[in-house]
>>> print(open('start_28.cif').read())   # mmCIF, C-alpha atoms
data_run
loop_
_atom_site.group_PDB
_atom_site.id
_atom_site.type_symbol
_atom_site.label_atom_id
_atom_site.label_comp_id
_atom_site.auth_asym_id
_atom_site.auth_seq_id
_atom_site.Cartn_x
_atom_site.Cartn_y
_atom_site.Cartn_z
ATOM 1 C CA MET A 1 -23.365 -38.390 -8.888
ATOM 2 C CA LEU A 2 -20.890 -40.927 -7.464
ATOM 3 C CA SER A 3 -21.178 -43.048 -10.612
ATOM 4 C CA ILE A 4 -20.302 -40.032 -12.761
ATOM 5 C CA ILE A 5 -17.223 -39.311 -10.631
ATOM 6 C CA GLY A 6 -16.281 -43.012 -10.836
ATOM 7 C CA ASN A 7 -16.552 -42.988 -14.635
ATOM 8 C CA VAL A 8 -14.431 -39.837 -14.900
ATOM 9 C CA LEU A 9 -11.751 -41.317 -12.635
ATOM 10 C CA GLY A 10 -11.875 -44.539 -14.627
ATOM 11 C CA LEU A 11 -11.258 -42.689 -17.892
ATOM 12 C CA LEU A 12 -8.472 -40.717 -16.265
ATOM 13 C CA LYS A 13 -6.857 -43.922 -15.014
ATOM 14 C CA THR A 14 -6.966 -45.442 -18.513
ATOM 15 C CA PHE A 15 -5.404 -42.287 -19.942
ATOM 16 C CA LEU A 16 -2.624 -42.188 -17.357
ATOM 17 C CA GLU A 17 -1.762 -45.871 -17.830
ATOM 18 C CA LYS A 18 -0.984 -45.183 -21.481
ATOM 19 C CA ILE A 19 1.381 -42.291 -20.676
ATOM 20 C CA THR A 20 5.096 -42.994 -20.989
ATOM 21 C CA VAL A 21 8.069 -41.182 -19.460
ATOM 22 C CA LYS A 22 8.649 -39.566 -22.823
ATOM 23 C CA ASP A 23 5.091 -38.236 -22.832
ATOM 24 C CA ILE A 24 5.578 -36.843 -19.325
ATOM 25 C CA LEU A 25 8.729 -35.010 -20.386
ATOM 26 C CA TYR A 26 6.828 -33.499 -23.317
ATOM 27 C CA PHE A 27 4.044 -32.375 -20.959
ATOM 28 C CA ILE A 28 6.614 -30.805 -18.654
ATOM 29 C CA ILE A 29 8.324 -28.943 -21.505
ATOM 30 C CA ILE A 30 4.995 -27.713 -22.905
ATOM 31 C CA GLY A 31 3.896 -26.667 -19.416
ATOM 32 C CA LEU A 32 7.113 -24.741 -18.836
ATOM 33 C CA LEU A 33 6.858 -22.952 -22.175
ATOM 34 C CA GLY A 34 3.235 -22.022 -21.460
ATOM 35 C CA TRP A 35 4.157 -20.777 -17.999
ATOM 36 C CA LEU A 36 7.029 -18.671 -19.377
ATOM 37 C CA LEU A 37 4.763 -17.099 -22.012
ATOM 38 C CA TRP A 38 2.060 -16.347 -19.442
ATOM 39 C CA THR A 39 4.558 -14.897 -16.969
ATOM 40 C CA SER A 40 6.053 -12.694 -19.682
ATOM 41 C CA TYR A 41 2.596 -11.417 -20.674
ATOM 42 C CA THR A 42 1.462 -10.671 -17.116
ATOM 43 C CA SER A 43 4.781 -8.940 -16.323
ATOM 44 C CA LYS A 44 4.397 -6.657 -19.339
ATOM 45 C CA GLU A 45 0.805 -5.858 -18.355
ATOM 46 C CA ALA A 46 1.870 -5.033 -14.786
ATOM 47 C CA LEU A 47 4.688 -2.801 -16.078
ATOM 48 C CA LYS A 48 2.253 -1.031 -18.413
ATOM 49 C CA GLU A 49 -0.127 -0.356 -15.495
ATOM 50 C CA ARG A 50 2.751 1.086 -13.446
ATOM 51 C CA TYR A 51 3.799 3.414 -16.293
ATOM 52 C CA GLU A 52 0.215 4.640 -16.724
ATOM 53 C CA ASN A 53 -0.158 5.193 -12.974
ATOM 54 C CA ASN A 54 3.129 7.133 -12.712
ATOM 55 C CA ILE A 55 2.255 9.341 -15.687
ATOM 56 C CA GLU A 56 -1.001 10.174 -13.888
ATOM 57 C CA ALA A 57 0.957 10.882 -10.675
ATOM 58 C CA PHE A 58 3.230 13.313 -12.572
ATOM 59 C CA THR A 59 0.307 15.272 -14.002
ATOM 60 C CA ASP A 60 -2.173 14.969 -11.135
ATOM 61 C CA SER A 61 -2.947 17.932 -8.860
ATOM 62 C CA VAL A 62 -4.559 18.114 -5.442
ATOM 63 C CA SER A 63 -8.357 17.942 -5.523
ATOM 64 C CA TYR A 64 -10.793 18.400 -2.642
ATOM 65 C CA TYR A 65 -14.160 17.023 -1.576
ATOM 66 C CA LYS A 66 -16.160 16.812 1.650
ATOM 67 C CA SER A 67 -16.129 13.714 3.865
ATOM 68 C CA LYS A 68 -19.243 12.228 5.490
ATOM 69 C CA THR A 69 -18.574 14.331 8.591
ATOM 70 C CA GLY A 70 -18.124 17.521 6.554
ATOM 71 C CA ASP A 71 -14.305 17.695 6.765
ATOM 72 C CA MET A 72 -12.391 18.674 3.636
ATOM 73 C CA VAL A 73 -10.452 15.766 2.106
ATOM 74 C CA ALA A 74 -7.468 16.323 -0.210
ATOM 75 C CA MET A 75 -6.749 13.644 -2.822
ATOM 76 C CA LYS A 76 -3.891 12.956 -5.222
ATOM 77 C CA THR A 77 -2.329 9.996 -7.083
ATOM 78 C CA ALA A 78 0.792 8.398 -5.598
ATOM 79 C CA PHE A 79 3.713 6.984 -7.562
ATOM 80 C CA GLU A 80 3.873 3.201 -7.796
ATOM 81 C CA THR A 81 7.546 2.359 -7.540
ATOM 82 C CA ASN A 82 10.269 1.140 -5.212
ATOM 83 C CA ILE A 83 12.629 3.346 -3.239
ATOM 84 C CA LYS A 84 15.493 2.912 -5.743
ATOM 85 C CA GLU A 85 13.425 4.013 -8.756
ATOM 86 C CA LEU A 86 11.868 6.859 -6.751
ATOM 87 C CA GLU A 87 15.102 8.860 -7.001
ATOM 88 C CA ASN A 88 14.558 9.217 -10.755
ATOM 89 C CA LEU A 89 10.810 9.844 -10.486
ATOM 90 C CA ASN A 90 10.813 12.390 -7.666
ATOM 91 C CA GLU A 91 14.205 13.352 -6.258
ATOM 92 C CA SER A 92 12.701 15.683 -3.640
ATOM 93 C CA LEU A 93 10.495 12.984 -2.093
ATOM 94 C CA TYR A 94 13.366 10.491 -2.312
ATOM 95 C CA SER A 95 15.641 12.860 -0.354
ATOM 96 C CA GLU A 96 13.006 13.403 2.333
ATOM 97 C CA ILE A 97 12.447 9.642 2.733
ATOM 98 C CA LYS A 98 16.183 8.857 2.889
ATOM 99 C CA ASP A 99 16.670 11.615 5.453
ATOM 100 C CA LEU A 100 14.415 9.685 7.847
ATOM 101 C CA LYS A 101 17.078 6.936 8.100
ATOM 102 C CA ALA A 102 14.442 4.218 8.475
ATOM 103 C CA LYS A 103 15.859 1.041 10.001
ATOM 104 C CA ASN A 104 13.891 -1.318 7.739
ATOM 105 C CA ASP A 105 12.748 -1.324 4.103
ATOM 106 C CA VAL A 106 10.364 1.538 3.321
ATOM 107 C CA LEU A 107 7.096 0.309 1.756
ATOM 108 C CA SER A 108 5.454 3.701 1.208
ATOM 109 C CA GLY A 109 6.106 7.343 1.928
ATOM 110 C CA MET A 110 4.537 10.790 1.653
ATOM 111 C CA HIS A 111 5.547 14.429 1.970
ATOM 112 C CA PHE A 112 3.097 17.272 2.613
ATOM 113 C CA ASN A 113 3.248 21.026 2.230
ATOM 114 C CA GLY A 114 0.432 22.877 3.915
ATOM 115 C CA SER A 115 -0.680 25.990 5.708
ATOM 116 C CA ILE A 116 -2.846 26.967 8.669
ATOM 117 C CA GLU A 117 -5.027 30.011 7.977
ATOM 118 C CA ASN A 118 -6.270 31.064 11.410
ATOM 119 C CA SER A 119 -9.283 33.347 11.584
ATOM 120 C CA SER A 120 -8.848 36.978 12.614
ATOM 121 C CA LYS A 121 -9.549 37.981 16.226
ATOM 122 C CA ASP A 122 -10.594 41.375 17.598
ATOM 123 C CA THR A 123 -11.769 42.891 20.868
ATOM 124 C CA VAL A 124 -13.042 46.257 22.105
ATOM 125 C CA PHE A 125 -11.617 48.160 25.091
ATOM 126 C CA ILE A 126 -13.244 51.424 26.122
ATOM 127 C CA VAL A 127 -10.686 54.181 26.625
ATOM 128 C CA THR A 128 -11.385 57.110 28.968
ATOM 129 C CA ASN A 129 -9.491 60.342 29.651
ATOM 130 C CA ASP A 130 -8.114 58.754 32.777
ATOM 131 C CA THR A 131 -6.648 55.759 30.898
ATOM 132 C CA ILE A 132 -5.230 58.057 28.227
ATOM 133 C CA ASN A 133 -3.468 60.164 30.832
ATOM 134 C CA ASN A 134 -2.330 57.344 33.132
ATOM 135 C CA GLY A 135 -1.995 54.393 30.733
ATOM 136 C CA PHE A 136 -3.482 50.912 30.963
ATOM 137 C CA LYS A 137 -2.693 47.216 30.561
ATOM 138 C CA HIS A 138 -5.423 45.014 29.099
ATOM 139 C CA SER A 139 -5.061 41.237 28.608
ATOM 140 C CA PHE A 140 -6.768 39.233 25.895
ATOM 141 C CA ASN A 141 -7.573 35.531 25.514
ATOM 142 C CA PHE A 142 -8.838 33.974 22.280
ATOM 143 C CA ASN A 143 -8.864 30.220 22.961
ATOM 144 C CA ASP A 144 -10.891 27.627 21.100
ATOM 145 C CA GLU A 145 -10.648 23.934 20.149
ATOM 146 C CA TRP A 146 -7.757 24.462 17.729
ATOM 147 C CA ARG A 147 -5.910 27.561 18.923
ATOM 148 C CA ASP A 148 -4.726 29.263 22.107
ATOM 149 C CA LEU A 149 -3.945 32.967 21.578
ATOM 150 C CA GLU A 150 -3.158 34.954 24.701
ATOM 151 C CA GLY A 151 -1.370 38.196 25.545
ATOM 152 C CA TYR A 152 -1.903 41.785 26.579
ATOM 153 C CA VAL A 153 -2.048 45.342 25.273
ATOM 154 C CA HIS A 154 0.042 47.829 27.300
ATOM 155 C CA TYR A 155 -0.409 51.562 26.844
ATOM 156 C CA VAL A 156 1.522 54.376 28.394
ATOM 157 C CA PRO A 157 1.267 57.949 27.119
ATOM 158 C CA ASP A 158 2.618 58.143 23.580
ATOM 159 C CA SER A 159 3.430 54.383 23.496
ATOM 160 C CA LEU A 160 1.351 51.270 22.670
ATOM 161 C CA LYS A 161 2.697 47.750 23.020
ATOM 162 C CA VAL A 162 1.021 44.466 22.025
ATOM 163 C CA ASN A 163 2.611 41.391 23.603
ATOM 164 C CA VAL A 164 1.564 37.851 22.604
ATOM 165 C CA THR A 165 2.429 35.467 25.456
ATOM 166 C CA LYS A 166 0.944 32.284 23.963
ATOM 167 C CA ASP A 167 0.126 31.288 20.397
ATOM 168 C CA VAL A 168 -0.446 27.544 19.949
ATOM 169 C CA THR A 169 -2.241 25.916 17.016
ATOM 170 C CA ARG A 170 -3.334 22.272 17.217
ATOM 171 C CA PHE A 171 -4.014 20.041 14.254
ATOM 172 C CA ASP A 172 -4.437 16.393 13.298
ATOM 173 C CA TYR A 173 -4.511 14.546 10.009
ATOM 174 C CA THR A 174 -5.564 11.143 8.718
ATOM 175 C CA VAL A 175 -3.960 9.501 5.663
ATOM 176 C CA ALA A 176 -5.153 6.563 3.577
ATOM 177 C CA ILE A 177 -4.004 5.016 0.277
ATOM 178 C CA ASP A 178 -6.419 2.895 -1.752
ATOM 179 C CA GLU A 179 -5.699 0.083 -4.213
ATOM 180 C CA ASP A 180 -5.620 2.577 -7.111
ATOM 181 C CA ASN A 181 -2.741 4.481 -5.438
ATOM 182 C CA LYS A 182 -4.927 7.453 -4.531
ATOM 183 C CA ILE A 183 -3.766 9.312 -1.427
ATOM 184 C CA TYR A 184 -6.497 10.715 0.818
ATOM 185 C CA ILE A 185 -5.681 13.137 3.624
ATOM 186 C CA LYS A 186 -7.892 15.175 5.909
ATOM 187 C CA SER A 187 -7.731 17.202 9.116
ATOM 188 C CA LYS A 188 -10.500 17.990 11.559
ATOM 189 C CA ASN A 189 -8.936 21.427 12.015
ATOM 190 C CA PRO A 190 -10.917 23.598 9.550
ATOM 191 C CA TYR A 191 -8.004 26.036 9.222
ATOM 192 C CA VAL A 192 -5.534 23.428 7.894
ATOM 193 C CA LYS A 193 -5.028 23.337 4.139
ATOM 194 C CA PHE A 194 -2.863 20.831 2.255
ATOM 195 C CA ASP A 195 -1.423 22.895 -0.568
ATOM 196 C CA GLU A 196 0.693 20.161 -2.165
ATOM 197 C CA PHE A 197 1.726 16.605 -1.365
ATOM 198 C CA THR A 198 3.250 13.607 -3.069
ATOM 199 C CA GLY A 199 3.829 9.982 -2.169
ATOM 200 C CA PHE A 200 4.747 6.544 -3.409
ATOM 201 C CA THR A 201 3.829 2.930 -2.733
ATOM 202 C CA ILE A 202 5.660 -0.306 -3.498
ATOM 203 C CA PRO A 203 4.065 -2.130 -6.487
ATOM 204 C CA LYS A 204 1.515 -4.599 -5.193
ATOM 205 C CA PRO A 205 2.211 -8.275 -5.964
ATOM 206 C CA LYS A 206 -0.423 -9.732 -8.243
ATOM 207 C CA ASP A 207 -2.048 -13.080 -7.593
ATOM 208 C CA LYS A 208 -0.261 -15.466 -9.937
ATOM 209 C CA PHE A 209 -0.652 -19.034 -11.044
ATOM 210 C CA ILE A 210 2.647 -20.749 -10.241
ATOM 211 C CA LEU A 211 3.620 -23.883 -12.147
ATOM 212 C CA SER A 212 6.515 -25.902 -10.766
ATOM 213 C CA VAL A 213 8.418 -28.932 -12.030
ATOM 214 C CA PHE A 214 9.853 -31.121 -9.311
ATOM 215 C CA GLY A 215 11.882 -34.249 -8.765
ATOM 216 C CA GLU A 216 12.003 -35.940 -5.409
ATOM 217 C CA LEU A 217 12.954 -39.085 -3.568
ATOM 218 C CA THR A 218 10.071 -40.557 -1.561
ATOM 219 C CA TYR A 219 10.561 -43.289 1.013
ATOM 220 C CA ASP A 220 7.931 -46.050 0.993
ATOM 221 C CA PHE A 221 7.787 -47.271 4.615
ATOM 222 C CA LYS A 222 5.496 -50.194 3.775
ATOM 223 C CA ASN A 223 7.769 -51.704 1.132
ATOM 224 C CA THR A 224 10.978 -50.116 2.505
ATOM 225 C CA LYS A 225 11.891 -48.587 -0.841
ATOM 226 C CA VAL A 226 13.150 -45.241 -2.043
ATOM 227 C CA LEU A 227 11.024 -44.103 -4.978
ATOM 228 C CA PRO A 228 12.198 -41.468 -7.482
ATOM 229 C CA ILE A 229 9.236 -39.185 -8.291
ATOM 230 C CA ILE A 230 8.858 -36.508 -10.966
ATOM 231 C CA GLY A 231 5.865 -34.279 -11.517
ATOM 232 C CA LEU A 232 4.126 -30.959 -11.934
ATOM 233 C CA ASP A 233 2.701 -28.701 -9.230
ATOM 234 C CA GLY A 234 0.297 -25.815 -9.815
ATOM 235 C CA THR A 235 -0.611 -23.184 -7.206
ATOM 236 C CA TYR A 236 -3.002 -20.222 -7.308
ATOM 237 C CA LYS A 237 -3.497 -18.326 -4.053
ATOM 238 C CA GLN A 238 -4.271 -21.098 -1.537
ATOM 239 C CA PHE A 239 -5.380 -23.676 -4.127
ATOM 240 C CA ASN A 240 -2.967 -26.401 -5.144
ATOM 241 C CA GLY A 241 -2.973 -29.210 -7.681
ATOM 242 C CA PHE A 242 -0.294 -31.753 -8.566
ATOM 243 C CA TYR A 243 0.612 -34.634 -10.815
ATOM 244 C CA GLU A 244 3.247 -37.180 -9.746
ATOM 245 C CA TYR A 245 4.801 -40.093 -11.606
ATOM 246 C CA ASP A 246 6.477 -43.011 -9.815
ATOM 247 C CA ILE A 247 9.270 -43.979 -12.215
ATOM 248 C CA VAL A 248 10.026 -47.376 -10.606
ATOM 249 C CA ASN A 249 6.499 -48.739 -10.380
ATOM 250 C CA ASN A 250 5.013 -46.793 -13.300
ATOM 251 C CA ASN A 251 2.323 -45.323 -11.051
ATOM 252 C CA HIS A 252 0.532 -42.021 -11.546
ATOM 253 C CA PHE A 253 -0.856 -39.758 -8.844
ATOM 254 C CA ILE A 254 -2.991 -36.636 -9.152
ATOM 255 C CA GLY A 255 -4.503 -34.448 -6.474
ATOM 256 C CA ALA A 256 -5.939 -31.064 -5.638
ATOM 257 C CA GLY A 257 -6.722 -29.201 -2.469
ATOM 258 C CA TYR A 258 -6.662 -26.032 -0.406
ATOM 259 C CA LYS A 259 -3.610 -25.062 1.621
ATOM 260 C CA PHE A 260 -3.750 -23.598 5.132
ATOM 261 C CA ASN A 261 -0.684 -21.724 6.315
ATOM 262 C CA ILE A 262 0.282 -22.872 9.810
ATOM 263 C CA LEU A 263 3.661 -21.227 10.306
ATOM 264 C CA LYS A 264 5.487 -18.381 8.594
ATOM 265 C CA PHE A 265 9.165 -17.551 9.129
#
>>> encode(input="start_28.cif", output="structure tokens")
Amino acid sequence: MLSIIGNVLGLLKTFLEKITVKDILYFIIIGLLGWLLWTSYTSKEALKERYENNIEAFTDSVSYYKSKTGDMVAMKTAFETNIKELENLNESLYSEIKDLKAKNDVLSGMHFNGSIENSSKDTVFIVTNDTINNGFKHSFNFNDEWRDLEGYVHYVPDSLKVNVTKDVTRFDYTVAIDEDNKIYIKSKNPYVKFDEFTGFTIPKPKDKFILSVFGELTYDFKNTKVLPIIGLDGTYKQFNGFYEYDIVNNNHFIGAGYKFNILKF
């Protein structure tokens, strides 16, 4: 295995020794042209995906299905755009987002219209001749996990009054957005219904191969010289490869590796 690697490196060394500065400049130009063509293609593909997603968001309606725990989940496609373009896509959502006066850049946003359809409540109170003649006051209390409904019924001859002293409805909701820009929302409160909602997310950056041309001055501590270096650098995700050419000494350097981010500012 080591002999094979040695032979490959030997052939590579022979090839590099025959390369001139003129050849390097040609390689750089060809590399740049290839990178520009690839970048243009991937940008058009990303723009096409955004258009298709936003057309789906315009025409999509709220659909429902049951979660693993039996809760109803509402789902709809979100717009894929930035906050500036959102004004043209959905002015109503844009106005609601701007009205929040967020201190930092908004990366996603949603607006919901819903309703809470509480169940009907009833009770039975036995009326006698005495209560009809003298009147009565009967309290009621219909409290459960999601609603507190309290009050009383007050009757005096020829007059009936129903007074609600407390009517509180509790609800919760959970929201998630997947990589296909689908919005999922659910509530554990069985009386909550999401009639309509819309949202947007910032377009996700795609993993790209980045090709760079560089020129640098490197200081050789051993020989106390400043060496002008030109070369190419390629990066994809955390993987990096480079080619360097020492103009003064006519030396070639190649390398590849994996980058670990230590600090971010």
>>> resolve_selection(input="start_28.cif", expression="the PyMOL selection byres ((chain A and resi 83) around 9)", output="short mmCIF file (atom, residue, chain, number, x, y, z; two decimals) with C-alpha atoms, keeping the file's coordinate frame")
data_model
loop_
_atom_site.label_atom_id
_atom_site.label_comp_id
_atom_site.auth_asym_id
_atom_site.auth_seq_id
_atom_site.Cartn_x
_atom_site.Cartn_y
_atom_site.Cartn_z
CA THR A 81 7.55 2.36 -7.54
CA ASN A 82 10.27 1.14 -5.21
CA LYS A 84 15.49 2.91 -5.74
CA GLU A 85 13.42 4.01 -8.76
CA LEU A 86 11.87 6.86 -6.75
CA GLU A 87 15.10 8.86 -7.00
CA TYR A 94 13.37 10.49 -2.31
CA ILE A 97 12.45 9.64 2.73
CA LYS A 98 16.18 8.86 2.89
CA ASP A 105 12.75 -1.32 4.10
CA VAL A 106 10.36 1.54 3.32
CA LEU A 107 7.10 0.31 1.76
CA SER A 108 5.45 3.70 1.21
CA PHE A 200 4.75 6.54 -3.41
CA THR A 201 3.83 2.93 -2.73
CA ILE A 202 5.66 -0.31 -3.50
#
>>> closest_atom_pairs(input="start_28.cif", of="range 168-196 of chain A", to="range 134-147 of chain A", cutoff="6 Å", atoms="only C-alpha atoms", output="JSON lines")
{"residue": "A:Val168", "atom": "CA", "partner": "A:Arg147", "partner_atom": "CA", "distance": 5.6}
{"residue": "A:Thr169", "atom": "CA", "partner": "A:Arg147", "partner_atom": "CA", "distance": 4.5}
{"residue": "A:Arg170", "atom": "CA", "partner": "A:Trp146", "partner_atom": "CA", "distance": 5.0}
>>> write_last_selection(input="start_28.cif", atoms="C-alpha atoms", output="PDB file, keeping the file's coordinate frame")
ATOM      1  CA  VAL A 168      -0.446  27.544  19.949  1.00  0.00           C
ATOM      2  CA  THR A 169      -2.241  25.916  17.016  1.00  0.00           C
ATOM      3  CA  ARG A 170      -3.334  22.272  17.217  1.00  0.00           C
TER       4      ARG A 170
END
>>> resolve_selection(input="start_28.cif", expression="the PyMOL selection byres ((chain A and resi 235-238) around 9)", output="ChimeraX atom specification")
/A:207-212,233-234,239-242,257-261
>>> resolve_selection(input="start_28.cif", expression="the PyMOL selection byres ((chain A and resi 60-67) around 9)", output="PyMOL selection string")
chain A and resi 55-59+68-77+186+194-197
>>> closest_residue(input="start_28.cif", among="A:Tyr26, A:Trp35, A:Tyr245, A:Phe79", to="Tyr51 in chain A", atoms="all atoms listed in the file")
A:Phe79
>>> atom_distance(input="start_28.cif", atom1="CA of Glu91 in chain A", atom2="CA of Ile177 in chain A")
21.1 Å
>>> atom_distance(input="start_28.cif", atom1="CA of Gly114 in chain A", atom2="CA of Val192 in chain A")
7.2 Å
>>> closest_residue(input="start_28.cif", among="A:Glu52, A:Glu45, A:Asp246, A:Glu179", to="Asp220 in chain A", atoms="all atoms listed in the file")
A:Asp246
>>> atom_distance(input="start_28.cif", atom1="CA of Gly151 in chain A", atom2="CA of Ser187 in chain A")
27.4 Å
>>> closest_residue(input="start_28.cif", among="A:Gly231, A:Pro157, A:Gly215, A:Pro203", to="Glu80 in chain A", atoms="all atoms listed in the file")
A:Pro203
>>> residues_near_point(input="start_28.cif", point="(11.1, -34.9, -2.3)", cutoff="10 Å", atoms="all atoms listed in the file", output="PyMOL selection string")
chain A and resi 214-219+227-230
>>> axis_aligned_box(input="start_28.cif", around="range 156-160 of chain A", padding_each_side="3 Å", output="JSON")
{"center_x": 2.3, "center_y": 54.7, "center_z": 25.5, "size_x": 8.2, "size_y": 12.9, "size_z": 11.7}
>>> closest_residue(input="start_28.cif", among="A:Lys222, A:Val175, A:Val162, A:Asn53", to="His111 in chain A", atoms="all atoms listed in the file")
A:Val175
>>> build_atoms(input="start_28.cif", residues="range 208-231 of chain A", atoms="N, CA and C atoms", output="PDB file, keeping the file's coordinate frame")
ATOM      1  N   LYS A 208      -0.766 -14.765  -8.760  1.00  0.00           N
ATOM      2  CA  LYS A 208      -0.261 -15.466  -9.937  1.00  0.00           C
ATOM      3  C   LYS A 208      -0.488 -16.959  -9.820  1.00  0.00           C
ATOM      4  N   PHE A 209      -0.649 -17.579 -10.987  1.00  0.00           N
ATOM      5  CA  PHE A 209      -0.652 -19.034 -11.044  1.00  0.00           C
ATOM      6  C   PHE A 209       0.802 -19.472 -11.172  1.00  0.00           C
ATOM      7  N   ILE A 210       1.253 -20.294 -10.257  1.00  0.00           N
ATOM      8  CA  ILE A 210       2.647 -20.749 -10.241  1.00  0.00           C
ATOM      9  C   ILE A 210       2.694 -22.215 -10.637  1.00  0.00           C
ATOM     10  N   LEU A 211       3.435 -22.513 -11.680  1.00  0.00           N
ATOM     11  CA  LEU A 211       3.620 -23.883 -12.147  1.00  0.00           C
ATOM     12  C   LEU A 211       5.049 -24.313 -11.841  1.00  0.00           C
ATOM     13  N   SER A 212       5.190 -25.418 -11.171  1.00  0.00           N
ATOM     14  CA  SER A 212       6.515 -25.902 -10.766  1.00  0.00           C
ATOM     15  C   SER A 212       6.745 -27.315 -11.298  1.00  0.00           C
ATOM     16  N   VAL A 213       7.973 -27.585 -11.678  1.00  0.00           N
ATOM     17  CA  VAL A 213       8.418 -28.932 -12.030  1.00  0.00           C
ATOM     18  C   VAL A 213       9.285 -29.428 -10.880  1.00  0.00           C
ATOM     19  N   PHE A 214       9.075 -30.643 -10.443  1.00  0.00           N
ATOM     20  CA  PHE A 214       9.853 -31.121  -9.311  1.00  0.00           C
ATOM     21  C   PHE A 214      10.308 -32.562  -9.520  1.00  0.00           C
ATOM     22  N   GLY A 215      11.383 -32.889  -8.866  1.00  0.00           N
ATOM     23  CA  GLY A 215      11.882 -34.249  -8.765  1.00  0.00           C
ATOM     24  C   GLY A 215      12.199 -34.516  -7.308  1.00  0.00           C
ATOM     25  N   GLU A 216      11.805 -35.662  -6.824  1.00  0.00           N
ATOM     26  CA  GLU A 216      12.003 -35.940  -5.409  1.00  0.00           C
ATOM     27  C   GLU A 216      12.249 -37.417  -5.177  1.00  0.00           C
ATOM     28  N   LEU A 217      12.790 -37.713  -4.018  1.00  0.00           N
ATOM     29  CA  LEU A 217      12.954 -39.085  -3.568  1.00  0.00           C
ATOM     30  C   LEU A 217      12.001 -39.311  -2.403  1.00  0.00           C
ATOM     31  N   THR A 218      11.061 -40.256  -2.575  1.00  0.00           N
ATOM     32  CA  THR A 218      10.071 -40.557  -1.561  1.00  0.00           C
ATOM     33  C   THR A 218      10.342 -41.934  -0.969  1.00  0.00           C
ATOM     34  N   TYR A 219      10.305 -42.003   0.353  1.00  0.00           N
ATOM     35  CA  TYR A 219      10.561 -43.289   1.013  1.00  0.00           C
ATOM     36  C   TYR A 219       9.240 -43.996   1.302  1.00  0.00           C
ATOM     37  N   ASP A 220       9.111 -45.224   0.784  1.00  0.00           N
ATOM     38  CA  ASP A 220       7.931 -46.050   0.993  1.00  0.00           C
ATOM     39  C   ASP A 220       8.174 -46.920   2.237  1.00  0.00           C
ATOM     40  N   PHE A 221       7.563 -46.537   3.369  1.00  0.00           N
ATOM     41  CA  PHE A 221       7.787 -47.271   4.615  1.00  0.00           C
ATOM     42  C   PHE A 221       7.229 -48.693   4.554  1.00  0.00           C
ATOM     43  N   LYS A 222       6.122 -48.872   3.825  1.00  0.00           N
ATOM     44  CA  LYS A 222       5.496 -50.194   3.775  1.00  0.00           C
ATOM     45  C   LYS A 222       6.387 -51.197   3.059  1.00  0.00           C
ATOM     46  N   ASN A 223       6.932 -50.794   1.926  1.00  0.00           N
ATOM     47  CA  ASN A 223       7.769 -51.704   1.132  1.00  0.00           C
ATOM     48  C   ASN A 223       9.257 -51.438   1.307  1.00  0.00           C
ATOM     49  N   THR A 224       9.580 -50.499   2.216  1.00  0.00           N
ATOM     50  CA  THR A 224      10.978 -50.116   2.505  1.00  0.00           C
ATOM     51  C   THR A 224      11.762 -49.861   1.222  1.00  0.00           C
ATOM     52  N   LYS A 225      11.240 -48.953   0.415  1.00  0.00           N
ATOM     53  CA  LYS A 225      11.891 -48.587  -0.841  1.00  0.00           C
ATOM     54  C   LYS A 225      11.996 -47.071  -0.962  1.00  0.00           C
ATOM     55  N   VAL A 226      13.025 -46.648  -1.677  1.00  0.00           N
ATOM     56  CA  VAL A 226      13.150 -45.241  -2.043  1.00  0.00           C
ATOM     57  C   VAL A 226      12.651 -45.102  -3.475  1.00  0.00           C
ATOM     58  N   LEU A 227      11.652 -44.243  -3.676  1.00  0.00           N
ATOM     59  CA  LEU A 227      11.024 -44.103  -4.978  1.00  0.00           C
ATOM     60  C   LEU A 227      11.374 -42.743  -5.587  1.00  0.00           C
ATOM     61  N   PRO A 228      11.990 -42.744  -6.780  1.00  0.00           N
ATOM     62  CA  PRO A 228      12.198 -41.468  -7.482  1.00  0.00           C
ATOM     63  C   PRO A 228      10.889 -40.996  -8.109  1.00  0.00           C
ATOM     64  N   ILE A 229      10.503 -39.751  -7.819  1.00  0.00           N
ATOM     65  CA  ILE A 229       9.236 -39.185  -8.291  1.00  0.00           C
ATOM     66  C   ILE A 229       9.520 -37.921  -9.091  1.00  0.00           C
ATOM     67  N   ILE A 230       8.839 -37.765 -10.221  1.00  0.00           N
ATOM     68  CA  ILE A 230       8.858 -36.508 -10.966  1.00  0.00           C
ATOM     69  C   ILE A 230       7.414 -36.045 -11.144  1.00  0.00           C
ATOM     70  N   GLY A 231       7.232 -34.732 -11.352  1.00  0.00           N
ATOM     71  CA  GLY A 231       5.865 -34.279 -11.517  1.00  0.00           C
ATOM     72  C   GLY A 231       5.733 -32.785 -11.730  1.00  0.00           C
TER      73      GLY A 231
END
